[in-house]
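Pasted below: data.txt, compact mmCIF, C-alpha atoms.
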# COMPACT_ATOMS: atom_id res chain seq x y z
CA MET A 1 -55.91 -88.02 68.11
CA PRO A 2 -53.21 -86.08 69.79
CA ARG A 3 -53.30 -82.34 69.29
CA ASP A 4 -49.94 -82.12 67.41
CA GLU A 5 -50.94 -84.73 64.89
CA LEU A 6 -54.22 -82.86 64.19
CA ILE A 7 -52.27 -79.69 63.36
CA ILE A 8 -50.05 -81.56 60.91
CA VAL A 9 -53.05 -83.12 59.10
CA ILE A 10 -54.81 -79.75 58.75
CA ALA A 11 -51.63 -78.15 57.33
CA GLY A 12 -51.27 -80.93 54.76
CA ILE A 13 -54.86 -80.54 53.59
CA ALA A 14 -54.26 -76.75 53.10
CA VAL A 15 -51.19 -77.36 50.98
CA VAL A 16 -53.10 -79.80 48.75
CA LEU A 17 -55.94 -77.31 48.25
CA ILE A 18 -53.54 -74.50 47.30
CA ILE A 19 -51.67 -76.65 44.75
CA GLY A 20 -54.94 -77.78 43.21
CA PHE A 21 -56.13 -74.20 42.80
CA PHE A 22 -53.05 -73.18 40.74
CA VAL A 23 -53.05 -76.33 38.63
CA GLN A 24 -56.65 -75.77 37.54
CA GLN A 25 -56.09 -72.09 36.42
CA PRO A 26 -56.05 -71.46 32.57
CA SER A 27 -52.81 -70.49 30.86
CA LEU A 28 -51.97 -66.81 30.53
CA PRO A 29 -53.22 -65.35 27.21
CA PHE A 30 -49.73 -64.67 25.78
CA SER A 31 -46.26 -66.10 25.72
CA PHE A 32 -42.91 -64.35 25.53
CA PRO A 33 -40.82 -64.75 22.42
CA GLY A 34 -39.08 -68.13 22.53
CA ASP A 35 -41.58 -69.54 25.03
CA ASN A 36 -42.32 -73.21 24.23
CA GLY A 37 -45.35 -73.45 26.43
CA ASP A 38 -48.72 -74.71 25.25
CA GLY A 39 -50.47 -71.33 25.76
CA PRO A 40 -51.48 -69.37 22.64
CA SER A 41 -49.22 -66.48 21.47
CA PHE A 42 -50.76 -62.97 20.86
CA ILE A 43 -50.34 -61.98 17.18
CA PRO A 44 -51.91 -58.60 16.32
CA ASP A 45 -53.87 -58.21 13.06
CA VAL A 46 -51.74 -55.18 11.91
CA VAL A 47 -48.15 -54.54 12.81
CA PRO A 48 -47.77 -50.72 13.16
CA GLU A 49 -44.81 -49.03 11.37
CA THR A 50 -42.44 -46.80 13.27
CA PRO A 51 -43.86 -43.27 12.87
CA LEU A 52 -41.68 -40.84 10.79
CA LEU A 53 -41.06 -37.85 12.99
CA PRO A 54 -39.87 -34.50 11.58
CA ASP A 55 -36.24 -33.65 12.05
CA PRO A 56 -35.65 -32.01 15.39
CA ILE A 57 -35.43 -28.20 15.24
CA THR A 58 -32.33 -26.82 16.86
CA ILE A 59 -32.75 -23.49 18.61
CA PRO A 60 -30.45 -21.69 21.02
CA SER A 61 -32.81 -22.29 23.96
CA GLY A 62 -36.43 -22.86 24.74
CA GLN A 63 -36.83 -19.29 25.88
CA LEU A 64 -38.42 -16.51 23.85
CA THR A 65 -35.86 -15.42 21.21
CA GLN A 66 -34.93 -11.78 21.73
CA VAL A 67 -32.79 -11.17 18.61
CA VAL A 68 -33.11 -13.04 15.31
CA PHE A 69 -30.12 -13.22 12.97
CA GLN A 70 -29.91 -13.84 9.26
CA ILE A 71 -28.33 -17.06 8.07
CA PRO A 72 -24.94 -16.19 6.48
CA VAL A 73 -25.11 -15.98 2.70
CA ASP A 74 -22.80 -18.35 0.89
CA GLU A 75 -22.41 -16.75 -2.52
CA PRO A 76 -19.48 -16.67 -4.94
CA VAL A 77 -17.29 -13.69 -4.17
CA THR A 78 -15.51 -11.80 -6.93
CA VAL A 79 -11.86 -11.53 -6.02
CA ASP A 80 -10.69 -7.95 -6.33
CA PRO A 81 -7.43 -7.22 -8.15
CA LYS A 82 -4.59 -6.98 -5.69
CA LEU A 83 -4.42 -3.59 -4.07
CA PRO A 84 -1.20 -2.14 -2.69
CA ASP A 85 -0.35 -3.06 0.87
CA GLN A 86 0.33 0.58 1.68
CA VAL A 87 -1.29 3.38 -0.27
CA GLN A 88 0.40 6.74 0.13
CA LEU A 89 -2.41 8.95 1.38
CA LEU A 90 -2.51 12.73 1.42
CA THR A 91 -2.29 14.55 4.74
CA GLY A 92 -3.44 17.91 3.33
CA ASP A 93 -5.25 19.43 0.40
CA THR A 94 -3.19 20.04 -2.71
CA ALA A 95 -3.49 21.03 -6.38
CA ARG A 96 -2.23 19.71 -9.70
CA SER A 97 -1.53 21.69 -12.86
CA TYR A 98 -1.65 20.34 -16.41
CA SER A 99 -0.18 21.75 -19.62
CA TRP A 100 -0.70 20.53 -23.20
CA TYR A 101 -0.74 21.60 -26.84
CA TYR A 102 -3.63 21.45 -29.25
CA GLY A 103 -4.06 23.22 -32.57
CA GLU A 104 -0.79 25.14 -32.19
CA SER A 105 -2.06 26.58 -28.89
CA PHE A 106 -0.77 26.02 -25.39
CA TYR A 107 -3.30 25.19 -22.66
CA THR A 108 -2.93 25.14 -18.88
CA TRP A 109 -5.42 24.04 -16.26
CA THR A 110 -5.28 23.41 -12.51
CA ILE A 111 -7.42 21.13 -10.36
CA HIS A 112 -7.85 21.41 -6.59
CA ILE A 113 -7.51 18.03 -4.81
CA PRO A 114 -9.04 17.71 -1.32
CA ALA A 115 -7.10 15.18 0.74
CA SER A 116 -10.30 13.52 1.92
CA ARG A 117 -11.45 12.84 -1.64
CA TYR A 118 -8.07 11.64 -2.82
CA ASN A 119 -7.83 9.21 0.09
CA TYR A 120 -11.42 8.09 -0.48
CA PHE A 121 -10.72 6.98 -4.05
CA ALA A 122 -7.30 5.54 -3.21
CA THR A 123 -8.82 3.11 -0.70
CA LEU A 124 -12.07 2.17 -2.48
CA PRO A 125 -12.47 -1.55 -3.24
CA ARG A 126 -12.21 -2.38 -6.94
CA ASP A 127 -15.48 -4.28 -7.01
CA LYS A 128 -16.93 -3.36 -10.41
CA PRO A 129 -17.52 -6.28 -12.81
CA THR A 130 -15.88 -4.61 -15.84
CA PRO A 131 -13.67 -1.55 -16.46
CA ALA A 132 -16.59 0.08 -18.31
CA ASP A 133 -18.54 0.21 -15.03
CA TYR A 134 -16.04 2.75 -13.69
CA ILE A 135 -16.98 5.09 -16.55
CA MET A 136 -20.65 5.25 -15.51
CA SER A 137 -20.00 5.27 -11.77
CA ASP A 138 -21.48 8.08 -9.71
CA ARG A 139 -18.39 8.06 -7.51
CA GLY A 140 -16.55 11.22 -8.47
CA ARG A 141 -19.08 12.21 -11.15
CA ALA A 142 -19.75 15.58 -9.51
CA GLU A 143 -16.02 16.42 -9.58
CA LEU A 144 -15.77 15.17 -13.16
CA GLU A 145 -18.63 17.43 -14.25
CA LEU A 146 -16.69 20.40 -12.85
CA VAL A 147 -13.65 19.28 -14.84
CA ILE A 148 -15.58 19.18 -18.12
CA GLU A 149 -17.05 22.60 -17.35
CA ASP A 150 -13.53 24.00 -16.98
CA LEU A 151 -12.41 22.37 -20.23
CA ILE A 152 -15.43 23.74 -22.07
CA SER A 153 -14.58 27.21 -20.73
CA LEU A 154 -11.04 26.80 -22.06
CA ALA A 155 -12.39 25.78 -25.47
CA ASP A 156 -14.81 28.72 -25.54
CA SER A 157 -12.00 31.12 -24.70
CA ARG A 158 -10.28 29.97 -27.94
CA ASN A 159 -13.53 30.01 -29.98
CA LEU A 160 -13.35 26.28 -30.69
CA ASN A 161 -16.29 24.56 -32.36
CA GLU A 162 -17.74 21.26 -31.07
CA ASN A 163 -15.36 19.03 -33.03
CA GLN A 164 -12.36 21.11 -32.03
CA ARG A 165 -13.48 21.04 -28.40
CA ARG A 166 -13.69 17.27 -28.59
CA ASP A 167 -10.21 17.04 -30.08
CA MET A 168 -8.84 19.42 -27.46
CA VAL A 169 -10.17 17.13 -24.69
CA ILE A 170 -8.58 14.13 -26.45
CA ALA A 171 -5.24 15.97 -26.60
CA PHE A 172 -5.54 16.83 -22.90
CA VAL A 173 -5.97 13.20 -21.83
CA GLN A 174 -3.20 12.04 -24.18
CA SER A 175 -0.85 14.54 -22.52
CA LEU A 176 -1.17 12.87 -19.10
CA PRO A 177 2.00 10.99 -18.11
CA ASN A 178 1.95 7.29 -18.85
CA ASN A 179 2.47 5.16 -15.77
CA ARG A 180 5.14 2.95 -17.29
CA TRP A 181 7.38 1.39 -14.65
CA GLY A 182 5.65 3.38 -11.89
CA ALA A 183 6.40 6.79 -13.39
CA VAL A 184 3.20 8.25 -11.91
CA VAL A 185 2.37 6.01 -8.94
CA ASP A 186 4.01 2.82 -7.76
CA TYR A 187 0.74 0.88 -7.81
CA ASP A 188 -1.58 0.62 -10.78
CA GLU A 189 -2.61 -2.98 -11.30
CA TYR A 190 -6.31 -2.23 -11.05
CA PRO A 191 -8.84 0.06 -12.78
CA LYS A 192 -9.21 3.61 -11.50
CA TYR A 193 -12.20 5.86 -11.24
CA PRO A 194 -11.88 8.68 -13.83
CA ILE A 195 -11.34 11.45 -11.32
CA GLN A 196 -8.70 9.36 -9.54
CA THR A 197 -6.58 9.28 -12.70
CA LEU A 198 -6.64 13.08 -12.73
CA TYR A 199 -5.82 13.23 -9.01
CA ASP A 200 -2.86 10.88 -9.58
CA GLY A 201 -1.71 12.93 -12.56
CA GLY A 202 -1.86 10.10 -15.11
CA GLY A 203 -2.03 6.35 -15.45
CA ASP A 204 -1.78 3.41 -17.81
CA SER A 205 -3.83 2.89 -20.97
CA GLN A 206 -6.76 1.43 -19.06
CA ASP A 207 -6.91 4.42 -16.71
CA THR A 208 -6.70 7.07 -19.43
CA ALA A 209 -9.17 5.24 -21.69
CA ILE A 210 -11.69 5.14 -18.82
CA LEU A 211 -11.09 8.86 -18.17
CA LEU A 212 -11.37 9.90 -21.82
CA THR A 213 -14.52 7.85 -22.38
CA ALA A 214 -16.14 9.44 -19.31
CA LEU A 215 -15.19 13.00 -20.37
CA LEU A 216 -16.42 12.52 -23.94
CA ARG A 217 -19.72 11.17 -22.67
CA LEU A 218 -20.11 14.23 -20.47
CA LEU A 219 -19.69 16.22 -23.69
CA GLY A 220 -22.61 14.26 -25.14
CA ILE A 221 -20.43 12.06 -27.37
CA GLU A 222 -21.22 8.34 -27.57
CA ALA A 223 -17.77 7.03 -26.63
CA SER A 224 -17.04 3.41 -25.75
CA LEU A 225 -14.11 1.48 -24.31
CA LEU A 226 -11.93 -0.74 -26.49
CA GLU A 227 -10.19 -3.58 -24.66
CA THR A 228 -7.45 -5.77 -26.08
CA PRO A 229 -5.19 -8.19 -24.18
CA ARG A 230 -2.35 -5.63 -23.93
CA HIS A 231 -3.87 -2.22 -24.49
CA TYR A 232 -6.96 -0.06 -23.99
CA ALA A 233 -8.26 2.70 -26.22
CA VAL A 234 -11.49 4.58 -26.99
CA VAL A 235 -13.85 4.26 -29.95
CA LEU A 236 -16.66 6.40 -31.38
CA PRO A 237 -19.35 5.43 -33.90
CA LEU A 238 -17.86 5.79 -37.39
CA THR A 239 -19.35 8.44 -39.67
CA GLU A 240 -19.43 8.43 -43.46
CA ALA A 241 -17.05 11.40 -43.51
CA ASP A 242 -14.56 9.53 -41.30
CA LYS A 243 -14.82 6.47 -43.52
CA LYS A 244 -14.21 8.43 -46.70
CA THR A 245 -11.07 10.03 -45.25
CA ASN A 246 -9.63 6.61 -44.33
CA LYS A 247 -9.71 7.03 -40.56
CA VAL A 248 -8.58 3.95 -38.66
CA TYR A 249 -11.67 2.01 -37.63
CA LEU A 250 -12.87 -1.37 -36.40
CA TYR A 251 -15.79 -3.39 -37.74
CA GLN A 252 -18.01 -5.19 -35.23
CA LYS A 253 -19.21 -8.05 -37.44
CA ASP A 254 -21.18 -9.65 -34.60
CA GLY A 255 -21.24 -9.71 -30.81
CA GLU A 256 -17.94 -11.60 -30.56
CA THR A 257 -16.15 -10.81 -33.82
CA LEU A 258 -14.15 -7.60 -34.15
CA LEU A 259 -12.35 -7.02 -37.44
CA LYS A 260 -9.96 -4.44 -38.85
CA GLY A 261 -11.55 -2.01 -41.25
CA ASN A 262 -8.31 -0.58 -42.67
CA TYR A 263 -4.97 -1.75 -43.91
CA LEU A 264 -1.70 -0.17 -45.03
CA ASP A 265 -0.81 -0.45 -48.66
CA GLU A 266 2.69 -0.84 -50.07
CA ASN A 267 3.16 2.94 -49.87
CA ASN A 268 2.28 2.97 -46.15
CA ASN A 269 -1.07 4.65 -46.81
CA ILE A 270 -4.18 3.64 -44.88
CA ARG A 271 -6.84 2.06 -47.10
CA ASP A 272 -10.46 1.09 -46.38
CA TYR A 273 -11.09 -2.59 -47.01
CA TYR A 274 -14.90 -2.18 -46.83
CA HIS A 275 -15.12 0.95 -49.02
CA ASN A 276 -17.74 -0.70 -51.25
CA ASN A 277 -19.88 -1.91 -48.34
CA PRO A 278 -22.03 0.90 -46.89
CA GLY A 279 -23.71 -1.53 -44.45
CA VAL A 280 -20.45 -1.80 -42.50
CA LEU A 281 -20.90 1.79 -41.36
CA ARG A 282 -23.70 0.84 -38.93
CA ASN A 283 -21.41 -1.42 -36.89
CA SER A 284 -18.04 0.30 -37.12
CA TYR A 285 -16.08 2.47 -34.70
CA ILE A 286 -13.31 4.98 -35.17
CA TYR A 287 -10.17 4.41 -33.12
CA ILE A 288 -8.90 6.97 -30.58
CA GLU A 289 -5.65 6.62 -28.70
CA SER A 290 -5.84 7.82 -25.06
CA ASN A 291 -2.34 7.18 -23.81
CA ILE A 292 0.13 8.48 -26.40
CA PRO A 293 0.32 12.19 -27.36
CA GLY A 294 0.12 13.50 -30.89
CA ASN A 295 -2.35 10.99 -32.35
CA PRO A 296 -5.53 12.66 -33.64
CA MET A 297 -8.80 10.79 -33.70
CA GLY A 298 -8.71 8.05 -36.34
CA SER A 299 -4.93 7.64 -36.38
CA MET A 300 -2.75 4.95 -34.87
CA PRO A 301 0.61 5.38 -33.13
CA LEU A 302 3.52 4.33 -35.31
CA GLN A 303 4.79 1.88 -32.71
CA PHE A 304 1.48 -0.01 -32.89
CA ARG A 305 1.40 -0.45 -36.65
CA ASN A 306 3.53 -3.58 -36.53
CA ALA A 307 2.43 -4.91 -33.17
CA TYR A 308 -1.10 -3.82 -32.30
CA ILE A 309 -4.38 -5.28 -33.59
CA GLN A 310 -2.35 -7.88 -35.51
CA SER A 311 -0.80 -4.88 -37.30
CA LEU A 312 -2.51 -2.74 -39.87
CA TYR A 313 0.06 -3.81 -42.40
CA ASP A 314 -0.23 -7.33 -43.76
CA ILE A 315 1.36 -8.45 -47.02
CA ASN A 316 -1.18 -11.25 -47.14
CA TYR A 317 -4.00 -9.22 -45.60
CA ARG A 318 -6.85 -11.33 -44.19
CA PRO A 319 -9.66 -8.96 -43.20
CA GLU A 320 -11.92 -11.75 -41.92
CA GLN A 321 -9.43 -12.78 -39.25
CA PRO A 322 -10.82 -11.57 -35.88
CA ILE A 323 -8.75 -9.44 -33.54
CA ILE A 324 -7.96 -11.98 -30.85
CA GLY A 325 -9.16 -11.05 -27.37
CA ALA A 326 -10.59 -7.66 -28.38
CA ALA A 327 -13.95 -6.32 -27.21
CA ILE A 328 -15.86 -3.06 -27.29
CA HIS A 329 -17.61 -2.17 -24.02
CA HIS A 330 -20.54 0.22 -24.32
CA PRO A 331 -20.89 1.89 -20.92
CA VAL A 332 -24.35 1.65 -19.36
CA ARG A 333 -25.72 2.19 -15.90
CA ASN A 334 -26.09 -1.11 -14.04
CA PRO A 335 -27.80 -0.39 -10.73
CA ASP A 336 -27.79 -3.24 -8.24
CA ALA A 337 -28.36 -3.67 -4.53
CA ASP A 338 -27.72 -6.20 -1.78
CA LEU A 339 -29.68 -7.02 1.35
CA SER A 340 -29.04 -8.09 4.94
CA PHE A 341 -31.32 -8.02 7.98
CA ARG A 342 -31.86 -8.81 11.63
CA ALA A 343 -34.94 -8.71 13.86
CA ARG A 344 -35.57 -7.81 17.49
CA LEU A 345 -38.42 -8.67 19.84
CA VAL A 346 -40.21 -5.44 20.77
CA HIS A 347 -43.47 -6.63 22.35
CA SER A 348 -45.49 -9.74 23.25
CA ASP A 349 -48.99 -10.46 24.50
CA GLN A 350 -50.96 -13.62 25.23
CA ARG A 351 -51.28 -14.52 21.53
CA TYR A 352 -48.41 -12.95 19.63
CA ALA A 353 -44.77 -11.93 19.75
CA TYR A 354 -43.94 -8.81 17.74
CA TYR A 355 -40.55 -8.56 16.00
CA GLN A 356 -39.13 -5.39 14.48
CA VAL A 357 -37.23 -6.29 11.29
CA TYR A 358 -34.31 -4.05 10.25
CA CYS A 359 -33.24 -4.44 6.60
CA THR A 360 -30.00 -2.86 5.34
CA ILE A 361 -29.95 -2.22 1.59
CA THR A 362 -26.59 -1.43 -0.03
CA SER A 363 -26.34 -0.01 -3.55
CA SER A 364 -23.65 -2.18 -5.14
CA GLY A 365 -23.99 -1.31 -8.84
CA THR A 366 -23.40 1.83 -10.88
CA GLY A 367 -25.73 4.75 -10.43
CA LEU A 368 -28.81 5.23 -8.28
CA ALA A 369 -30.75 2.13 -7.20
CA ARG A 370 -34.40 3.14 -7.21
CA GLY A 371 -37.87 1.60 -7.13
CA LEU A 372 -36.79 -1.08 -4.63
CA THR A 373 -39.18 -2.98 -2.35
CA VAL A 374 -38.48 -5.31 0.58
CA ASP A 375 -41.00 -8.07 1.30
CA MET A 376 -40.84 -9.27 4.93
CA ASN A 377 -42.45 -12.65 5.65
CA ALA A 378 -42.73 -14.73 8.85
CA TYR A 379 -43.90 -18.36 8.68
CA PRO A 380 -43.51 -21.70 10.52
CA ALA A 381 -40.10 -23.32 10.38
CA GLU A 382 -39.69 -26.22 7.98
CA GLY A 383 -40.89 -29.47 9.55
CA VAL A 384 -43.48 -27.78 11.76
CA ALA A 385 -47.12 -28.73 11.15
CA ASP A 386 -48.47 -25.21 11.81
CA SER A 387 -49.88 -23.19 8.93
CA TRP A 388 -49.75 -19.40 9.13
CA ILE A 389 -47.92 -16.48 7.53
CA PHE A 390 -47.57 -12.78 8.26
CA SER A 391 -46.17 -10.36 5.67
CA GLU A 392 -45.32 -6.71 5.17
CA SER A 393 -43.90 -4.85 2.15
CA ILE A 394 -41.75 -1.75 2.57
CA SER A 395 -40.73 0.71 -0.18
CA VAL A 396 -37.05 1.65 -0.12
CA PRO A 397 -36.00 5.27 -0.79
CA PRO A 398 -33.51 5.66 -3.69
CA VAL A 399 -30.04 4.48 -2.68
CA PRO A 400 -27.02 6.30 -4.18
CA GLU A 401 -24.15 4.17 -5.42
CA GLY A 402 -22.05 2.76 -2.59
CA GLU A 403 -24.42 3.98 0.12
CA THR A 404 -26.89 2.15 2.36
CA ARG A 405 -30.46 2.60 3.52
CA VAL A 406 -32.21 0.92 6.48
CA VAL A 407 -35.94 0.20 6.39
CA GLU A 408 -38.01 -1.27 9.21
CA GLY A 409 -41.16 -3.35 9.46
CA THR A 410 -43.02 -5.24 12.20
CA LEU A 411 -44.14 -8.87 11.99
CA GLN A 412 -46.48 -10.55 14.50
CA ILE A 413 -45.82 -14.23 15.12
CA PRO A 414 -48.00 -16.65 17.15
CA LYS A 415 -46.66 -17.40 20.61
CA ASN A 416 -44.99 -20.76 21.31
CA SER A 417 -44.03 -21.20 17.64
CA TYR A 418 -40.91 -22.32 15.85
CA ALA A 419 -40.58 -19.69 13.12
CA GLN A 420 -38.37 -18.15 10.46
CA ILE A 421 -38.26 -14.70 8.87
CA GLU A 422 -37.61 -14.20 5.17
CA CYS A 423 -36.74 -10.89 3.49
CA ILE A 424 -36.83 -10.43 -0.30
CA LEU A 425 -35.37 -7.42 -2.13
CA ARG A 426 -36.78 -6.74 -5.59
CA GLY A 427 -36.79 -3.87 -8.04
CA PRO A 428 -36.49 -2.91 -11.70
CA GLY A 429 -33.26 -4.00 -13.34
CA ILE A 430 -31.80 -5.84 -10.34
CA GLU A 431 -31.56 -9.52 -9.52
CA GLN A 432 -33.91 -10.50 -6.72
CA LYS A 433 -32.15 -11.11 -3.38
CA LYS A 434 -33.65 -13.49 -0.80
CA ARG A 435 -32.38 -13.81 2.77
CA LEU A 436 -33.59 -16.23 5.46
CA SER A 437 -33.23 -16.17 9.24
CA GLU A 438 -32.25 -18.86 11.67
CA VAL A 439 -35.04 -20.89 13.29
CA PHE A 440 -36.20 -19.21 16.46
CA THR A 441 -38.90 -19.71 19.06
CA THR A 442 -41.60 -17.39 20.31
The structure given in the file should be rewritten as structure tokens.
Amino acid sequence: MPRDELIIVIAGIAVVLIIGFFVQQPSLPFSFPGDNGDGPSFIPDVVPETPLLPDPITIPSGQLTQVVFQIPVDEPVTVDPKLPDQVQLLTGDTARSYSWYYGESFYTWTIHIPASRYNYFATLPRDKPTPADYIMSDRGRAELELVIEDLISLADSRNLNENQRRDMVIAFVQSLPNNRWGAVVDYDEYPKYPIQTLYDGGGDSQDTAILLTALLRLLGIEASLLETPRHYAVVLPLTEADKKTNKVYLYQKDGETLLKGNYLDENNNIRDYYHNNPGVLRNSYIYIESNIPGNPMGSMPLQFRNAYIQSLYDINYRPEQPIIGAAIHHPVRNPDADLSFRARLVHSDQRYAYYQVYCTITSSGTGLARGLTVDMNAYPAEGVADSWIFSESISVPPVPEGETRVVEGTLQIPKNSYAQIECILRGPGIEQKKRLSEVFTT
């Protein structure tokens, strides 16, 4: 056989052997979806569910966080009454003199007004919840105590007894100019601190009622603030002697119902509607005008008799009809405080990062905020499987009204952690405040 033909035969045999080898191999142990081949398809016994992963934690970067910030607090904000766009401030210290009559005697008194203090009160935010809170405020209380000392000295110089001294102080406040149509200052649509009314030289009925209530309380008299929709005044607890002499008074039937205790008869004389009910005495208050001169305690200005408190005079008198929109505010101290914080990395080792936490506590109520504690906690961020917590509690020194205190604490946090810091302010008589930081990494 020729050599070329032998090569062709050998090549053919090789091709046949190769084809036979592939034909005899078993089918692959799976088929793709949609495959119509005869080979068996792989069907697992259990179909695994897609694992639920925690939400991703967003951090500024993967590096060690140097400064940790508090998440902004989204709380309802009390809108302050509109303040003047431009308050006329003092450029130098000054003085103001007052003159008034009481008991057929003429009184004069002068107060020194430092420019810094006048400007301080003129620009303070009006952030108190009620006008009564300005009565108990510590802002200006030291100056007000000096005022009452001067007035007591005046009373002692005339040999006045306690009741006469009280009435002399009432006459003094009534003598202050009324701020009708901007007669005193051209802005007055907000409550004033008591000493500010004196610095301004007068004010509206709200201002003078706040001032008179504060002065009487410094004299040890349990004065309260009377609010009506169009006028403010002062009230004192009614005594049996006042009731028997037909002083004008109000009866607090319950927490929301304020009634007239007197009426005018046909001869224009004040009469006591509840004269046969001694139990009324426990919840009744004598009326004191603070804004109109010449009205002793327990009397009402003539111009109010037909317009104020639904008028004292009613032909068809209905004593059980409440005085619409009227309320008596009993001044009390309401300390409160707010909290903010930030933290800073101060040290790290192989196991821990150490953050110094700086908490700023602001006294936002009336009077001294005391007995406060800040709890500082560090723990894993939400969604992280780690389980650890580090805490420290810091006592806060007393915080005067309107001032701030800063306390510090150190928290150790495991390295390579996603963490958050929480600070909680608590104390007697205040609502607990809780603040949380952003998520950060160590």
Please provide the set of residues having any atom within 12 Å of Ala132 of chain A, restricted to all atoms listed in the file, with same-chain residues fewer than 6 positions apart removed, written as a compact mmCIF listing (two decimals) with C-alpha atoms, in the coordinates of the input.
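Below you can see selection.txt, which holds the result:
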# COMPACT_ATOMS: atom_id res chain seq x y z
CA PRO A 191 -8.84 0.06 -12.78
CA LYS A 192 -9.21 3.61 -11.50
CA TYR A 193 -12.20 5.86 -11.24
CA PRO A 194 -11.88 8.68 -13.83
CA GLN A 206 -6.76 1.43 -19.06
CA ASP A 207 -6.91 4.42 -16.71
CA ALA A 209 -9.17 5.24 -21.69
CA ILE A 210 -11.69 5.14 -18.82
CA LEU A 211 -11.09 8.86 -18.17
CA LEU A 212 -11.37 9.90 -21.82
CA THR A 213 -14.52 7.85 -22.38
CA ALA A 214 -16.14 9.44 -19.31
CA ALA A 223 -17.77 7.03 -26.63
CA SER A 224 -17.04 3.41 -25.75
CA LEU A 225 -14.11 1.48 -24.31
CA LEU A 226 -11.93 -0.74 -26.49
CA GLU A 227 -10.19 -3.58 -24.66
CA TYR A 232 -6.96 -0.06 -23.99
CA ALA A 233 -8.26 2.70 -26.22
CA VAL A 234 -11.49 4.58 -26.99
CA ALA A 327 -13.95 -6.32 -27.21
CA ILE A 328 -15.86 -3.06 -27.29
CA HIS A 329 -17.61 -2.17 -24.02
CA HIS A 330 -20.54 0.22 -24.32
CA PRO A 331 -20.89 1.89 -20.92
CA VAL A 332 -24.35 1.65 -19.36
CA ARG A 333 -25.72 2.19 -15.90
CA ASN A 334 -26.09 -1.11 -14.04
CA THR A 366 -23.40 1.83 -10.88
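Minimum atom-to-atom distance to Met300 of chain A, evaluated using all atoms listed in the file, belongs to A:Asn246 out of A:Ser387, A:Thr94, A:Asn246, A:Gln321.
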Which distance in Å separates atom CA of Tyr199 of chain A and atom CA of Leu218 of chain A, to one decimal? 18.3 Å
Proximity to Arg217 of chain A - best of A:Ser290, A:Asp272, A:Met136, A:Val374, all atoms listed in the file: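 Distance minimum relative to Arg217 of chain A lands on A:Met136.
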What is the atom CA of Asp150 of chain A to atom CA of Glu104 of chain A distance in Å?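 Going from atom CA of Asp150 of chain A over to atom CA of Glu104 of chain A, I get 19.9 Å.
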Could you state the separation of atom CA of Lys433 of chain A and atom CA of Asp336 of chain A in Å, given to one decimal place?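 Atom-to-atom, atom CA of Lys433 of chain A and atom CA of Asp336 of chain A are spaced 10.2 Å apart.
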Under the rule that only C-alpha atoms are counted, which of A:Lys253, A:Lys415, A:Arg370, A:Lys434 is the nearest residue to Ser348 of chain A? A:Lys415
Restricting the calculation to all atoms listed in the file: of A:Glu256, A:Asp265, A:Glu408, A:Glu438, which residue gets closest to Ile324 of chain A?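 Of the candidates, the smallest distance to Ile324 of chain A is held by A:Glu256.
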Which one is closest to Cys359 of chain A: A:Phe341, A:Trp100, A:Tyr249, A:Tyr118? Count all atoms listed in the file. A:Phe341
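You can rank A:Val399, A:Ala155, A:Leu198, A:Leu176 by their closest distance to Asn291 of chain A using all atoms listed in the file, and at the top of that list sits A:Leu176.
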Counting only C-alpha atoms, select every polymer residue within 12 Å of (-52.4, -7.6, 6.8) as defined in the file's coordinates, and provide the selection as an mmCIF file with C-alpha atoms, keeping the file's coordinate frame.
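Below you can see part.cif, which holds the result:
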data_model
loop_
_atom_site.group_PDB
_atom_site.id
_atom_site.type_symbol
_atom_site.label_atom_id
_atom_site.label_comp_id
_atom_site.auth_asym_id
_atom_site.auth_seq_id
_atom_site.Cartn_x
_atom_site.Cartn_y
_atom_site.Cartn_z
ATOM 1 C CA MET A 376 -40.840 -9.270 4.930
ATOM 2 C CA ASN A 377 -42.450 -12.650 5.650
ATOM 3 C CA ILE A 389 -47.920 -16.480 7.530
ATOM 4 C CA PHE A 390 -47.570 -12.780 8.260
ATOM 5 C CA SER A 391 -46.170 -10.360 5.670
ATOM 6 C CA GLU A 392 -45.320 -6.710 5.170
ATOM 7 C CA SER A 393 -43.900 -4.850 2.150
ATOM 8 C CA THR A 410 -43.020 -5.240 12.200
ATOM 9 C CA LEU A 411 -44.140 -8.870 11.990
ATOM 10 C CA GLN A 412 -46.480 -10.550 14.500
#
Select segment 401-416 of chain A in the preceding structure and write C-alpha atoms to a file as an mmCIF file, in the first residue's frame.
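Contents of out-v1.cif, as written:
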data_model
loop_
_atom_site.group_PDB
_atom_site.id
_atom_site.type_symbol
_atom_site.label_atom_id
_atom_site.label_comp_id
_atom_site.auth_asym_id
_atom_site.auth_seq_id
_atom_site.Cartn_x
_atom_site.Cartn_y
_atom_site.Cartn_z
ATOM 1 C CA GLU A 401 -31.255 81.272 85.629
ATOM 2 C CA GLY A 402 -30.160 82.086 82.089
ATOM 3 C CA GLU A 403 -26.592 80.875 82.640
ATOM 4 C CA THR A 404 -24.733 77.779 81.449
ATOM 5 C CA ARG A 405 -22.438 75.170 82.922
ATOM 6 C CA VAL A 406 -20.139 72.729 81.091
ATOM 7 C CA VAL A 407 -19.354 69.305 82.537
ATOM 8 C CA GLU A 408 -16.975 66.740 81.066
ATOM 9 C CA GLY A 409 -16.692 62.967 81.130
ATOM 10 C CA THR A 410 -14.635 60.318 79.326
ATOM 11 C CA LEU A 411 -16.052 57.256 77.564
ATOM 12 C CA GLN A 412 -13.946 54.349 76.269
ATOM 13 C CA ILE A 413 -15.244 52.675 73.126
ATOM 14 C CA PRO A 414 -13.921 49.458 71.503
ATOM 15 C CA LYS A 415 -11.766 50.055 68.445
ATOM 16 C CA ASN A 416 -13.185 49.385 64.971
#
